[in-house]
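Written out below as structure tokens is the structure these notes cover.
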Amino acid sequence: MSKMGCYKQPPTYLLPGTLAIIAFILCLFGSTWCKFISFTELNNTTDPVTLSYGIWNYLGVSSRQTLSGETVYMESCNYYPDNSVSVDTKWRSARAFSALTVIIGGLVTFWVVLSWCIRSFRGDRAKSLLRCAAMMYMLCCLFQGLTLLLMTSNACYNNGMVGITATTLKNSVVNFSGEFPTTCAMAGGGKATIAAVVMWFLAALAALK
């Protein structure tokens, strides 16, 4: 029976798990945040409105009146309303790959980190574990990269929420032009996804050494 209790491990054994933890955090950030892509208002150089969308949700904006009569705008991540967007094959693929990356990457990383505290995982057994983890991390690297299919999907080129939100904002935002570009730009979630791809790859390389 394996004895529990965290033991001092060589840096070469700790490095893959540490890199994988960073990759997993970035993966969660990119997959679940509602700012993967964005559309910034055109013809407004003063205070342009930016609409943000994620793989699973979007950044919703609502207005509230304070007791003093001042209008305050609130932002929150919300799931897409039914029939508001046309989820095409690339968008579905991005969702599937994002879910697979979170599940596979999370489970493998948890097992690698847990092995730090199991005495029997040393020597050849530790090397075998890291080799298996390396293959899974490389798979996560591939799947994570494929979530960028969102950039070529209807979320970016035919997003029905842009028109819906623009119509809503016209009635509440002063100096709002209502015009947005026909294609999206990468936002923080997309950049986090690219960073996660790099970290999964580095974790795989570290696990193979």
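Ligands are numbered from 1 in the order shown, chains are lettered A, B, ... in the order of the structure tokens, and residues start at 1 in each chain.
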So that each row is one residue of range 123-166 of chain A with an atom at most 12 Å from range 24-32 of chain A, can you give its shortest atom pair and the distance in Å to one decimal, using only C-alpha atoms, rows by chain and rising number, as a Markdown table?
```
| residue | atom | partner | partner_atom | distance |
| --- | --- | --- | --- | --- |
| A:Tyr137 | CA | A:Phe24 | CA | 10.3 |
| A:Cys140 | CA | A:Cys27 | CA | 9.6 |
| A:Cys141 | CA | A:Cys27 | CA | 10.1 |
| A:Phe143 | CA | A:Cys27 | CA | 10.5 |
| A:Gln144 | CA | A:Cys27 | CA | 7.4 |
| A:Gly145 | CA | A:Cys27 | CA | 10.4 |
| A:Leu146 | CA | A:Ser31 | CA | 11.6 |
| A:Thr147 | CA | A:Ser31 | CA | 8.2 |
| A:Leu148 | CA | A:Gly30 | CA | 10.0 |
| A:Leu150 | CA | A:Ser31 | CA | 10.8 |
```
Can you list every residue in range 19-94 of chain A that DSSP puts in alpha helix (DSSP H), as a tab-separated table (two decimals) with N, CA, C and O atoms, in the first residue's frame?
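The resulting file, part-v2.tsv, is reproduced below:
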```tsv
chain	number	residue	atom	x	y	z
A	19	LEU	N	4.11	23.30	-14.66
A	19	LEU	CA	3.75	23.88	-15.96
A	19	LEU	C	2.31	23.52	-16.34
A	19	LEU	O	1.58	24.34	-16.90
A	20	ALA	N	1.91	22.29	-16.01
A	20	ALA	CA	0.56	21.85	-16.34
A	20	ALA	C	-0.49	22.60	-15.52
A	20	ALA	O	-1.59	22.89	-16.02
A	21	ILE	N	-0.17	22.92	-14.27
A	21	ILE	CA	-1.10	23.70	-13.45
A	21	ILE	C	-1.33	25.06	-14.09
A	21	ILE	O	-2.47	25.55	-14.19
A	22	ILE	N	-0.25	25.70	-14.54
A	22	ILE	CA	-0.37	27.00	-15.21
A	22	ILE	C	-1.21	26.86	-16.48
A	22	ILE	O	-2.09	27.68	-16.76
A	23	ALA	N	-0.92	25.80	-17.26
A	23	ALA	CA	-1.66	25.57	-18.50
A	23	ALA	C	-3.15	25.36	-18.22
A	23	ALA	O	-4.01	25.87	-18.94
A	24	PHE	N	-3.46	24.62	-17.14
A	24	PHE	CA	-4.85	24.33	-16.82
A	24	PHE	C	-5.60	25.60	-16.40
A	24	PHE	O	-6.76	25.80	-16.79
A	25	ILE	N	-4.94	26.45	-15.64
A	25	ILE	CA	-5.57	27.72	-15.25
A	25	ILE	C	-5.86	28.58	-16.47
A	25	ILE	O	-6.95	29.15	-16.62
A	26	LEU	N	-4.89	28.67	-17.38
A	26	LEU	CA	-5.08	29.43	-18.62
A	26	LEU	C	-6.18	28.80	-19.47
A	26	LEU	O	-6.97	29.50	-20.11
A	27	CYS	N	-6.22	27.47	-19.46
A	27	CYS	CA	-7.25	26.74	-20.22
A	27	CYS	C	-8.64	27.08	-19.70
A	27	CYS	O	-9.56	27.36	-20.48
A	28	LEU	N	-8.81	27.06	-18.39
A	28	LEU	CA	-10.10	27.41	-17.80
A	28	LEU	C	-10.47	28.85	-18.13
A	28	LEU	O	-11.63	29.15	-18.45
A	29	PHE	N	-9.48	29.72	-18.04
A	29	PHE	CA	-9.71	31.14	-18.32
A	29	PHE	C	-10.20	31.34	-19.76
A	29	PHE	O	-11.17	32.06	-20.02
A	30	GLY	N	-9.52	30.69	-20.70
A	30	GLY	CA	-9.89	30.85	-22.11
A	30	GLY	C	-11.20	30.18	-22.47
A	30	GLY	O	-11.97	30.69	-23.28
A	31	SER	N	-11.47	29.03	-21.84
A	31	SER	CA	-12.65	28.25	-22.22
A	31	SER	C	-13.94	28.77	-21.61
A	31	SER	O	-15.01	28.64	-22.21
A	32	THR	N	-13.86	29.33	-20.42
A	32	THR	CA	-15.09	29.69	-19.71
A	32	THR	C	-15.37	31.19	-19.67
A	32	THR	O	-16.49	31.59	-19.37
A	89	THR	N	-20.69	24.19	-37.30
A	89	THR	CA	-19.82	23.05	-37.00
A	89	THR	C	-18.53	23.47	-36.30
A	89	THR	O	-18.07	22.82	-35.35
A	90	LYS	N	-17.91	24.56	-36.77
A	90	LYS	CA	-16.65	25.01	-36.16
A	90	LYS	C	-16.85	25.46	-34.73
A	90	LYS	O	-16.01	25.21	-33.85
A	91	TRP	N	-17.97	26.11	-34.47
A	91	TRP	CA	-18.28	26.56	-33.11
A	91	TRP	C	-18.50	25.36	-32.20
A	91	TRP	O	-18.01	25.31	-31.07
A	92	ARG	N	-19.27	24.36	-32.69
A	92	ARG	CA	-19.47	23.14	-31.91
A	92	ARG	C	-18.16	22.42	-31.64
A	92	ARG	O	-17.93	21.89	-30.55
A	93	SER	N	-17.29	22.40	-32.65
A	93	SER	CA	-15.99	21.76	-32.48
A	93	SER	C	-15.16	22.48	-31.42
A	93	SER	O	-14.51	21.83	-30.58
A	94	ALA	N	-15.19	23.81	-31.43
A	94	ALA	CA	-14.45	24.58	-30.43
A	94	ALA	C	-14.97	24.26	-29.03
A	94	ALA	O	-14.19	24.11	-28.08
```
### Query
For Leu208 in chain A, which residue among A:Leu15, A:Cys117, A:Ile104, A:Ser98 is the nearest when counting only C-alpha atoms?
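Nearest to Leu208 in chain A: A:Leu15.
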### Task
Rounded to one decimal place, report the CA of Met199 in chain A-CA of Thr109 in chain A distance in Å.
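Computing it gives 12.5 Å between the two atoms.
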### Atom-to-atom span, CA of Glu41 in chain A and CA of Ala166 in chain A, Å
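Interatomic distance here is 9.4 Å.
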